[in-house]
Each structure stands twice: as structure tokens, then as C-alpha cells.
Amino acid sequence: MKRIYKVCLSMLAFIMPALVFAQEAAEKGIDERIDDAFGWATGDYVQAVFYQIPFTDEVKIYWVLFPLILGALFFTFYFKFINFTGVWKAIEVVRGKYEDIEKYGAEELYGEDGIANGVDINTVDDIEAHMDEVSNEITIDGDIKDTIRDESSHGEVSHFQALTAALSATVGLGNIAGVAVAVSIGGAGATFWMIVAGFLGMASKFVECTLGVKYRDIAEDGTVYGGPMYYLTKGLKSMGLAKLGKVLAVLFAIMCIGGSFGGGNMFQANQAAQMVENITGGTESFLYGYKWAFGLFMAVFVGIVIIGGIKSIAKVTDKIVPFMVAIYVAASLWVIFARFDLIGDAFTQIIDGAFSPEGIAGGAIGVLIQGFRRAAFSNEAGVGSASIAHSAVKTKYAASEGLVALLEPFIDTVVVCTMTALVLIITGNVSSENAGLNDADAILLTSGAFESVISWFPYVLTLAVVLFAFSTMISWSYYGYQAWAYLFGRTQRTEYTYKILFCVFVVIGSAASLGNVIGFSDAMIFSMMVPNMIGIVLLAPKVKRELNRYMSAIKLKSQAID
């Protein structure tokens, strides 16, 4: 308690000046001057990251899409369509079917001298009592039976918690606002290509998250440190590319820290504050001119959660994410079935619009680009951030978490984004007039689509936006801290320095409109893709060996208990 008390006092000491700054910014336009200066200093970098390659007068493609999509295609074929064949196995892993071999090891349990003796250890209530029945003295790798539990898998969270922690960083405003903009520009057909890109992204997630577990560091106290920083450093070193790995890892860490403060923090806080202000009366709202108060409220709760690290974060996300996704999907299905007579027409629009669109800039290619862009920007497959959360899982087999991770783009893009698109199409809210909407207005467009069938849903959507923003912030705080610890060390001082700064930026983001700062942060997030994609393509053969090892372990168990 003393530790938490000291941290809270430190947070207040840092946050109070931020409140003064935020208030002055609102009155004097300091934030605008800072933002303009920042835009002048970083504008070239942002334009380079989000540069669009002109193919025709009407078709321009973001260059960042090429490595993301081509990489996903490569992994799809290299791993023999793991994004389709591995889905059911992934669900079984999350459900705990192979928890025993992941905790103790397949050979130790089901090998020739294994302790299982033909029994599925998952069905045994007391493993020690079972061992007593089988043998009075079982030796495994030189150790007696009493030490078996001491050699259980390293890690801090379960498969389900790792999945929800990673999902909380991607499911959110992009699924609500971004989809509205995508279908407004690309028409209903963009939905089809969004789904295709979502399936492809599953392969990239599998690769990077398998590597995250394989090359993670485990501290003496059991704390896990993982992610691209570690598999780029250790993985490429094992291939004789130590210098390249170190350079890529440092670049990734710097970009990840920048992304955590902007897109993973300030943008989330700003959009959530705007939504609450809009739903409570706009200019007449009690928050009008006082959004810093909302930011302070969010910062306190974010601080309370992130102090406890990934275990604390996972305990929150494993409740918020399933709850909010379930509500959002249920509301979407409500709208869809309320207009069931339009369902057939909606799917016709999606298929026809994907291959033979009318009135869409760039034709079918233009539609494909919008779908792929939305999917890539939403699920972040290939960016590498999710592997940081997944690396904390409890398992002896890296590929087990890779399989779980491939469910992430499926839920984020194939399910949630598709639900949003269907609601917009069925309610007649797909129009090129909405193509220029910013995120806040796009959220209101989606809210209006739901409201046309469910009158009270805007209040639920506001709550969803706030909770999604909150869960995104706490997950990105973990991503940013892991990168921070890689660069500056794993001391308590560096940890609290980062976490206090993160909470301060929550307040600033809520009160100040720092578009150029957030734009720079978004650019850094997608810059993470460059070092990450280089690394995961080079390390793909090692992932294949991990997959074969895990599938052999599953086969060994199946043969032993059949």
C-alpha cells in the first residue's frame, strides 16, 4: 500500500502542472502553437510514412500497405494457410485443451517415461495424488516428482488474458470511425476486401507472436520482457546478424514509445472526451471547457491499473474486451435482423461493389485499397506491437500463443469491423459525401446508424468508446513501457518515470487538440512495421520449427491417451 501511495502522490505532483498547462492551452491557444511547431518539425517524416504512391490520376496507395499485405501473403503460403487451418486449434488452446503439456511439457507427461500413464492430465484434480498412484518415485530429467510443479511454464498471464490484452489495443475507435470512412470512400465493396485483408493478417500475427514468446526474457522475479525488441536482437543474432538485429530493435523501441504516447494515449483520451462532451450537450455540456477534468479522471484510473503491470492490465481487459465486443456485436445483429429484408441486398452490394463498383474513384482497385487500408490500420498485423502482450503468456511452447494470436485479426477485423460496415450499409449510411469525415464525426455517423433502429444506443456507444479508449490506453502503456525498459533499463525508477509521464499525457490529450503530435505518433506506429517485417520474414523458418514442435507435442498427447 505504501508503494501505491507514493506512486499516487508522484502522479499528482506531475499531473497538477499538466492541468495548469491544459487550462492555459485552452484559453491562450498554447496547444495550437505547440502543435504548429511540432508539425513544422515532423511534417516531412509524417508525409514520408503516409506517402501514397500514385498509380493513376484516381488511384493512390499507401506504401506501408505493400510490406504489410505482401508479408501476410508470404506467411499465408509459407505456413500452408495457417490462418484458416489453425483457427479451430487456436480455439482449443484458448479453452485449455492443451494446458497440461504447455505447463509441464509433453514428453514429461506423455512420453515413454511420462507420468500420465494413459490419463489426460487435464482431467486430474490432484497431479501429485495421481503420481503417487502411478509410482512412488518418478524421475524426470533427474528431478523427483516433488519438483515437477517448480518447472511449470514461465509467464504471467493465461492465453485468454494475453488475447484480450492485445485485442484491447486494436479494437476501438478504428472499428467504429475508421470503417465508416472506409465504406464512405470505397463503397460497400470495401467490406469484402477488409475481410480478405483480415484473414491474411492472421498469418502475420501468428508469426510475430510466436517469436515474441520464443525470444522473451524472464527476470528473476518472474516478470516477462518480450516483443520485437527481443526477437530482433536475439533471433537475428542467432543467424549471425547481431548488428542488424540491434539496430532494428532500437529503432522499433523508439517508435513504440512515441506511438504509446500519441495514438495509444492522447488520441484515445481526446476522442473519448469529445464523445462524452457531445452526448452530454455539446457546448452546453458540463465538460465544455473542462475536458481536462475528464482527462484527470481517466488518468487516475489508468494509473491505478498500470501500476500492477501486465497481470493487473490483463485482469481488466479480460473483462472489458469480451463484454464490450459482445454488446457491440449483439447491437449490430439487432440492427441487421431488424432490417432483415435488406440483408440480401446488403451482401449483393458488398460483392458487386468489390468487383464492379459504380461511382467509386479508381474502380475496383480503389475499393480494394480502402478495404485493405482499413484492415491493416485496424488490426496492426505486422506492426509487432501485439507480440509484446502475447509474450507474457504462460506456456512452454511458443507456437501455442502464435495460434491464439491469429484469432485477434479475426475478431477485430472479420467480426467487429464487418458488423459496423453491415450496419452502415443496411441503414443507408454509405455515401461518398461522408468521405471527408474526421474520426469524431465518423463516430457520430455510426452512432446515428444504430440510433435509427435502437434509439438509446448512442449512450451505449459513448460508453463503449470510453471503455475501448481506456483499455487501449492501458495496453499501449504496457507496450510503451516494455520498449522504454529495453532502452533505459528495468529499474523501478525508469518504470515509474514512464508510467507517470503516460498519465500526464492522458490529461494533456483530453484537453488539448494536438493533431500534428498525434499524426507524428501514428506515423511512428506504422514505422514500427519496417524493422518488424524485416525481422519476422528472416525468422520465419524458426517459427516453422516451433509450430512443428508444438504439433508434435499435441500428437504425442493424443496417441498416449487414445
# chains A, B, ... in the order shown; residues from 1 in each chain; ligands from 1
call {"tool": "select_by_dssp", "arguments": {"residues": "segment 177-401 of chain A", "states": "helix (DSSP H, G or I)", "output": "PyMOL selection string"}}
result
chain A and resi 177-186+190-214+228-237+242-279+282-284+291-306+309-338+340-355+363-379+386-390+398-401
call {"tool": "select_by_dssp", "arguments": {"residues": "segment 215-247 of chain A", "states": "strand (DSSP E or B)", "output": "list in words"}}
result
Asp217, Ile218, Val224 and Tyr225 of chain A
call {"tool": "atom_distance", "arguments": {"atom1": "atom CA of Ala375 of chain A", "atom2": "atom CA of Val537 of chain A"}}
result
20.5 Å
call {"tool": "atom_distance", "arguments": {"atom1": "atom CA of Leu445 of chain A", "atom2": "atom CA of Ile351 of chain A"}}
result
23.3 Å
call {"tool": "closest_atom_pairs", "arguments": {"of": "segment 472-558 of chain A", "to": "segment 247-256 of chain A", "cutoff": "12 Å", "atoms": "only C-alpha atoms", "output": "JSON lines"}}
result
{"residue": "A:Trp476", "atom": "CA", "partner": "A:Cys256", "partner_atom": "CA", "distance": 9.0}
{"residue": "A:Ser477", "atom": "CA", "partner": "A:Cys256", "partner_atom": "CA", "distance": 10.1}
{"residue": "A:Tyr478", "atom": "CA", "partner": "A:Cys256", "partner_atom": "CA", "distance": 10.5}
{"residue": "A:Tyr479", "atom": "CA", "partner": "A:Cys256", "partner_atom": "CA", "distance": 7.1}
{"residue": "A:Gly480", "atom": "CA", "partner": "A:Cys256", "partner_atom": "CA", "distance": 5.8}
{"residue": "A:Tyr481", "atom": "CA", "partner": "A:Cys256", "partner_atom": "CA", "distance": 9.1}
{"residue": "A:Gln482", "atom": "CA", "partner": "A:Ala253", "partner_atom": "CA", "distance": 8.3}
{"residue": "A:Ala483", "atom": "CA", "partner": "A:Ala253", "partner_atom": "CA", "distance": 4.6}
{"residue": "A:Trp484", "atom": "CA", "partner": "A:Ala253", "partner_atom": "CA", "distance": 7.0}
{"residue": "A:Ala485", "atom": "CA", "partner": "A:Ala253", "partner_atom": "CA", "distance": 9.2}
{"residue": "A:Tyr486", "atom": "CA", "partner": "A:Ala253", "partner_atom": "CA", "distance": 7.3}
{"residue": "A:Leu487", "atom": "CA", "partner": "A:Ala253", "partner_atom": "CA", "distance": 7.1}
{"residue": "A:Phe488", "atom": "CA", "partner": "A:Ala253", "partner_atom": "CA", "distance": 10.5}
{"residue": "A:Phe520", "atom": "CA", "partner": "A:Met255", "partner_atom": "CA", "distance": 10.1}
{"residue": "A:Ser521", "atom": "CA", "partner": "A:Met255", "partner_atom": "CA", "distance": 8.1}
{"residue": "A:Asp522", "atom": "CA", "partner": "A:Met255", "partner_atom": "CA", "distance": 9.6}
{"residue": "A:Ala523", "atom": "CA", "partner": "A:Met255", "partner_atom": "CA", "distance": 8.7}
{"residue": "A:Met524", "atom": "CA", "partner": "A:Met255", "partner_atom": "CA", "distance": 4.9}
{"residue": "A:Ile525", "atom": "CA", "partner": "A:Met255", "partner_atom": "CA", "distance": 6.3}
{"residue": "A:Phe526", "atom": "CA", "partner": "A:Met255", "partner_atom": "CA", "distance": 8.6}
{"residue": "A:Ser527", "atom": "CA", "partner": "A:Met255", "partner_atom": "CA", "distance": 6.8}
{"residue": "A:Met528", "atom": "CA", "partner": "A:Phe252", "partner_atom": "CA", "distance": 5.3}
{"residue": "A:Met529", "atom": "CA", "partner": "A:Phe252", "partner_atom": "CA", "distance": 8.3}
{"residue": "A:Val530", "atom": "CA", "partner": "A:Phe252", "partner_atom": "CA", "distance": 8.4}
{"residue": "A:Pro531", "atom": "CA", "partner": "A:Leu248", "partner_atom": "CA", "distance": 5.1}
{"residue": "A:Asn532", "atom": "CA", "partner": "A:Phe252", "partner_atom": "CA", "distance": 7.3}
{"residue": "A:Met533", "atom": "CA", "partner": "A:Leu248", "partner_atom": "CA", "distance": 10.2}
{"residue": "A:Ile534", "atom": "CA", "partner": "A:Leu248", "partner_atom": "CA", "distance": 8.6}
{"residue": "A:Gly535", "atom": "CA", "partner": "A:Leu248", "partner_atom": "CA", "distance": 8.1}
{"residue": "A:Ile536", "atom": "CA", "partner": "A:Leu248", "partner_atom": "CA", "distance": 11.5}
call {"tool": "write_last_selection", "arguments": {"atoms": "N, CA, C and O atoms", "output": "compact mmCIF listing (two decimals), in the first residue's frame"}}
result
# COMPACT_ATOMS: atom_id res chain seq x y z
N TRP A 476 -1.49 -0.07 -24.36
CA TRP A 476 -0.38 0.63 -25.00
C TRP A 476 0.63 1.13 -23.97
O TRP A 476 1.82 1.31 -24.28
N SER A 477 0.18 1.36 -22.74
CA SER A 477 1.14 1.75 -21.70
C SER A 477 2.12 0.61 -21.44
O SER A 477 3.31 0.83 -21.19
N TYR A 478 1.61 -0.62 -21.54
CA TYR A 478 2.48 -1.79 -21.36
C TYR A 478 3.45 -1.93 -22.53
O TYR A 478 4.64 -2.21 -22.34
N TYR A 479 2.95 -1.71 -23.75
CA TYR A 479 3.82 -1.76 -24.93
C TYR A 479 4.94 -0.72 -24.80
O TYR A 479 6.12 -1.03 -25.01
N GLY A 480 4.53 0.50 -24.48
CA GLY A 480 5.50 1.58 -24.38
C GLY A 480 6.51 1.35 -23.27
O GLY A 480 7.71 1.60 -23.45
N TYR A 481 6.03 0.84 -22.13
CA TYR A 481 6.96 0.60 -21.03
C TYR A 481 7.97 -0.49 -21.37
O TYR A 481 9.16 -0.39 -21.02
N GLN A 482 7.52 -1.54 -22.05
CA GLN A 482 8.45 -2.60 -22.43
C GLN A 482 9.56 -2.05 -23.33
O GLN A 482 10.74 -2.42 -23.18
N ALA A 483 9.19 -1.18 -24.27
CA ALA A 483 10.19 -0.56 -25.14
C ALA A 483 11.09 0.38 -24.33
O ALA A 483 12.31 0.43 -24.54
N TRP A 484 10.49 1.10 -23.39
CA TRP A 484 11.22 2.03 -22.51
C TRP A 484 12.25 1.25 -21.68
O TRP A 484 13.41 1.67 -21.55
N ALA A 485 11.82 0.12 -21.11
CA ALA A 485 12.71 -0.70 -20.28
C ALA A 485 13.85 -1.27 -21.11
O ALA A 485 14.98 -1.42 -20.61
N TYR A 486 13.57 -1.60 -22.36
CA TYR A 486 14.62 -2.14 -23.24
C TYR A 486 15.71 -1.09 -23.46
O TYR A 486 16.91 -1.42 -23.49
N LEU A 487 15.31 0.17 -23.61
CA LEU A 487 16.28 1.23 -23.90
C LEU A 487 16.95 1.78 -22.65
O LEU A 487 18.15 2.08 -22.66
N PHE A 488 16.18 1.91 -21.55
CA PHE A 488 16.70 2.63 -20.37
C PHE A 488 16.90 1.76 -19.13
O PHE A 488 17.30 2.26 -18.09
N PHE A 520 2.13 12.51 -35.87
CA PHE A 520 3.50 12.03 -35.79
C PHE A 520 3.56 10.69 -35.05
O PHE A 520 4.26 9.76 -35.45
N SER A 521 2.76 10.58 -33.99
CA SER A 521 2.72 9.34 -33.22
C SER A 521 2.17 8.19 -34.07
O SER A 521 2.70 7.07 -34.04
N ASP A 522 1.11 8.46 -34.82
CA ASP A 522 0.56 7.43 -35.71
C ASP A 522 1.60 6.99 -36.74
O ASP A 522 1.70 5.80 -37.08
N ALA A 523 2.36 7.95 -37.23
CA ALA A 523 3.42 7.63 -38.19
C ALA A 523 4.46 6.72 -37.55
O ALA A 523 4.98 5.80 -38.19
N MET A 524 4.75 6.96 -36.28
CA MET A 524 5.73 6.12 -35.59
C MET A 524 5.20 4.70 -35.41
O MET A 524 5.94 3.72 -35.50
N ILE A 525 3.88 4.57 -35.15
CA ILE A 525 3.29 3.24 -35.00
C ILE A 525 3.47 2.43 -36.28
O ILE A 525 3.87 1.26 -36.25
N PHE A 526 3.19 3.06 -37.42
CA PHE A 526 3.33 2.32 -38.67
C PHE A 526 4.77 2.22 -39.14
O PHE A 526 5.10 1.34 -39.93
N SER A 527 5.64 3.07 -38.60
CA SER A 527 7.07 2.90 -38.86
C SER A 527 7.61 1.65 -38.18
O SER A 527 8.60 1.06 -38.62
N MET A 528 6.96 1.25 -37.08
CA MET A 528 7.37 0.03 -36.38
C MET A 528 7.33 -1.18 -37.31
O MET A 528 8.06 -2.16 -37.11
N MET A 529 6.47 -1.09 -38.32
CA MET A 529 6.32 -2.18 -39.27
C MET A 529 7.62 -2.49 -40.01
O MET A 529 7.92 -3.65 -40.32
N VAL A 530 8.43 -1.47 -40.30
CA VAL A 530 9.63 -1.66 -41.12
C VAL A 530 10.63 -2.60 -40.45
O VAL A 530 10.97 -3.66 -41.00
N PRO A 531 11.13 -2.27 -39.23
CA PRO A 531 12.07 -3.21 -38.60
C PRO A 531 11.42 -4.55 -38.27
O PRO A 531 12.08 -5.60 -38.34
N ASN A 532 10.14 -4.52 -37.91
CA ASN A 532 9.47 -5.76 -37.53
C ASN A 532 9.32 -6.72 -38.71
O ASN A 532 9.63 -7.92 -38.59
N MET A 533 8.87 -6.22 -39.85
CA MET A 533 8.67 -7.08 -41.01
C MET A 533 9.99 -7.66 -41.52
O MET A 533 10.04 -8.82 -41.94
N ILE A 534 11.05 -6.87 -41.47
CA ILE A 534 12.36 -7.39 -41.87
C ILE A 534 12.72 -8.58 -41.00
O ILE A 534 13.15 -9.64 -41.47
N GLY A 535 12.53 -8.42 -39.70
CA GLY A 535 12.89 -9.47 -38.75
C GLY A 535 12.04 -10.72 -38.87
O GLY A 535 12.58 -11.84 -38.91
N ILE A 536 10.72 -10.56 -38.96
CA ILE A 536 9.87 -11.76 -38.95
C ILE A 536 9.95 -12.55 -40.25
O ILE A 536 9.77 -13.78 -40.24
call {"tool": "atom_distance", "arguments": {"atom1": "atom CA of Ile82 of chain A", "atom2": "atom CA of Leu406 of chain A"}}
result
8.7 Å
call {"tool": "residues_around", "arguments": {"residues": "Thr462 of chain A", "least_positions_apart": "3", "cutoff": "9 Å", "atoms": "only C-alpha atoms", "output": "list in words"}}
result
Ala272, Met275, Val276, Ile279, Ser447, Phe457, Pro458, Tyr459, Val465, Val466 and Leu467 of chain A
call {"tool": "closest_residue", "arguments": {"among": "A:Gly227, A:Pro67, A:Gly111, A:Gly198", "to": "Gly371 of chain A", "atoms": "only C-alpha atoms"}}
result
A:Gly198
call {"tool": "closest_residue", "arguments": {"among": "A:Arg549, A:Leu539, A:Val383, A:Leu173", "to": "Leu444 of chain A", "atoms": "only C-alpha atoms"}}
result
A:Leu173
call {"tool": "residues_around", "arguments": {"residues": "Ala449 of chain A", "least_positions_apart": "2", "cutoff": "12 Å", "atoms": "only C-alpha atoms", "output": "count of residues only"}}
result
33
call {"tool": "residues_around", "arguments": {"residues": "segment 344-349 of chain A", "least_positions_apart": "4", "cutoff": "9 Å", "atoms": "only C-alpha atoms", "output": "NGL selection string"}}
result
:A and (187-189 or 340 or 353-354 or 357 or 422 or 425-426)
call {"tool": "closest_residue", "arguments": {"among": "A:Leu296, A:Val325, A:Ala162, A:Val183", "to": "Arg374 of chain A", "atoms": "only C-alpha atoms"}}
result
A:Val183
call {"tool": "closest_residue", "arguments": {"among": "A:Leu407, A:Val94, A:Ala37, A:Ala540", "to": "Leu236 of chain A", "atoms": "only C-alpha atoms"}}
result
A:Ala540
call {"tool": "residues_around", "arguments": {"residues": "Asn270 of chain A", "least_positions_apart": "2", "cutoff": "9 Å", "atoms": "only C-alpha atoms", "output": "list in words"}}
result
Asn265, Met266, Phe267, Gln268, Ala272, Ala273, Gln274, Met275, Lys291, Gly295, Val506, Val507, Ile508, Gly509, Ser510, Ala511, Ala512 and Ser513 of chain A
call {"tool": "closest_residue", "arguments": {"among": "A:Val393, A:Met202, A:Ile500, A:Ile327", "to": "Phe75 of chain A", "atoms": "only C-alpha atoms"}}
result
A:Met202
call {"tool": "closest_residue", "arguments": {"among": "A:Ala392, A:Phe192, A:Leu167, A:Pro541", "to": "Phe355 of chain A", "atoms": "only C-alpha atoms"}}
result
A:Phe192
